[in-house]
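Contents: one structure, followed by commentary.
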Amino acid sequence: MTNKTGQHDAARLQDKDERIYQALMNAIVEHQLPPGSKLPEEALSGVFGVSRTGIRKVLQRLAAVQMVTLTPKRGAQVSTPGVDEAREIFTTRSLIECGNLPAVLAHLQPPHLVALEQLIAQENEAHASHDGPAAIRLSAAFHIQLQAISGNQVLTGMVTSLTQRSSLVIAAYGAPWQRGCRCDDHATLLQRLRARALEPLTEALQHHFDHIVSSLHFERSGETLPDFSRLFAADFGAAS
């Protein structure tokens, strides 16, 4: 009985750690925690109702995927990609995503097109309602679902990680109104996908990445301390 209870408690703790990880990741990706934001263990442990040790584990996981920077004596903060790194992230995305398009076309089925069309409609709606977090989330989802058509799970995981890091770049260097990608670019990509013509599709995706990079201003953000209670109260409530 004691062993089963211990296993149950460990599973609950692991589940809560995962929820905290996803909550912080989403807040970073959706620009609610912009680059340079300080992430003090004490404040986060109070908001999430866990120990500082638990928060430290989550921050270390985020640092491992380069979304958070851990500095001795300064603690954790949301990563701010350097200019060279920012350019390299989009260069890498272009190489991977454009290079995978032959496999995407080889596996493309009508339901894939319907799903992408629905994502674009939702993205348009998010932009129209000025819902920045949703627009960013849906923009990333479009690219991830497009590449997932190929059936290459390893590559899809890489694209997922790169879209998360791309969001950091846009948050750090994009214009204040910039949220995700341009919807009309995604609509153009869908048109090329329907035509099943590799060269125009590849050119459209390359142009899409070129446009994103050309719109960036490469001005660094300053350090801030966000209102964690406001960001996470709905999911975790006040600590008891």
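Every chain in the structure tokens takes a letter, A first, then B, and so on in the order presented; its residues are numbered from 1, and the ligands are numbered from 1 following the presented order.
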Need the shell around Ser79 of chain A: protein/DNA/RNA residues with any atom at most 10 Å away, counting only C-alpha atoms. Skip same-chain ones fewer than 4 positions apart. Format as a ChimeraX atom specification? /A:28,34-38,62-63,66-70,165,168-169,172
Please give the complete set of residues from segment 51-191 of chain A that DSSP, run on the backbone, assigns to alpha helix (DSSP H), formatted as a VMD selection string. chain A and resid 52 to 64 83 to 99 101 to 107 110 to 128 132 to 148 153 to 173 183 to 191
The distance between atom CA of Gln109 of chain A and atom CA of Arg137 of chain A is 23.8 Å
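Atom CA of Glu123 of chain A is positioned 29.3 Å from atom CA of Arg61 of chain A.
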Separating atom CA of Lys57 of chain A from atom CA of Gln77 of chain A, to the nearest tenth of an Å, is a gap of 14.3 Å
DSSP strand (DSSP E) residues within segment 55-157 of chain A, listed as a list of chain:residue names: A:Val68, A:Thr69, A:Leu70, A:Thr71, A:Gly75, A:Ala76, A:Gln77, A:Val78
Which is closest to Gln147 of chain A among A:Glu42, A:Glu88, A:Asp184, A:Glu97, if we use only C-alpha atoms? A:Glu97
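Around Ser166 of chain A, within 8 Å and counting only C-alpha atoms, the residues found are Ala86, Ile89, Phe90, Leu162, Thr163, Gln164, Leu168, Val169 and Ile170 of chain A, once anything fewer than 2 positions away on its own chain is removed.
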Determine the nearest neighbour of Pro40 of chain A from the options A:Gln14, A:Thr71, A:Gln118, A:Gln206, counting only C-alpha atoms. A:Thr71
Could you check which of A:Asp84, A:Asp185, A:Ala195, A:Asp15 is closest to Ile212 of chain A, using only C-alpha atoms? A:Asp185
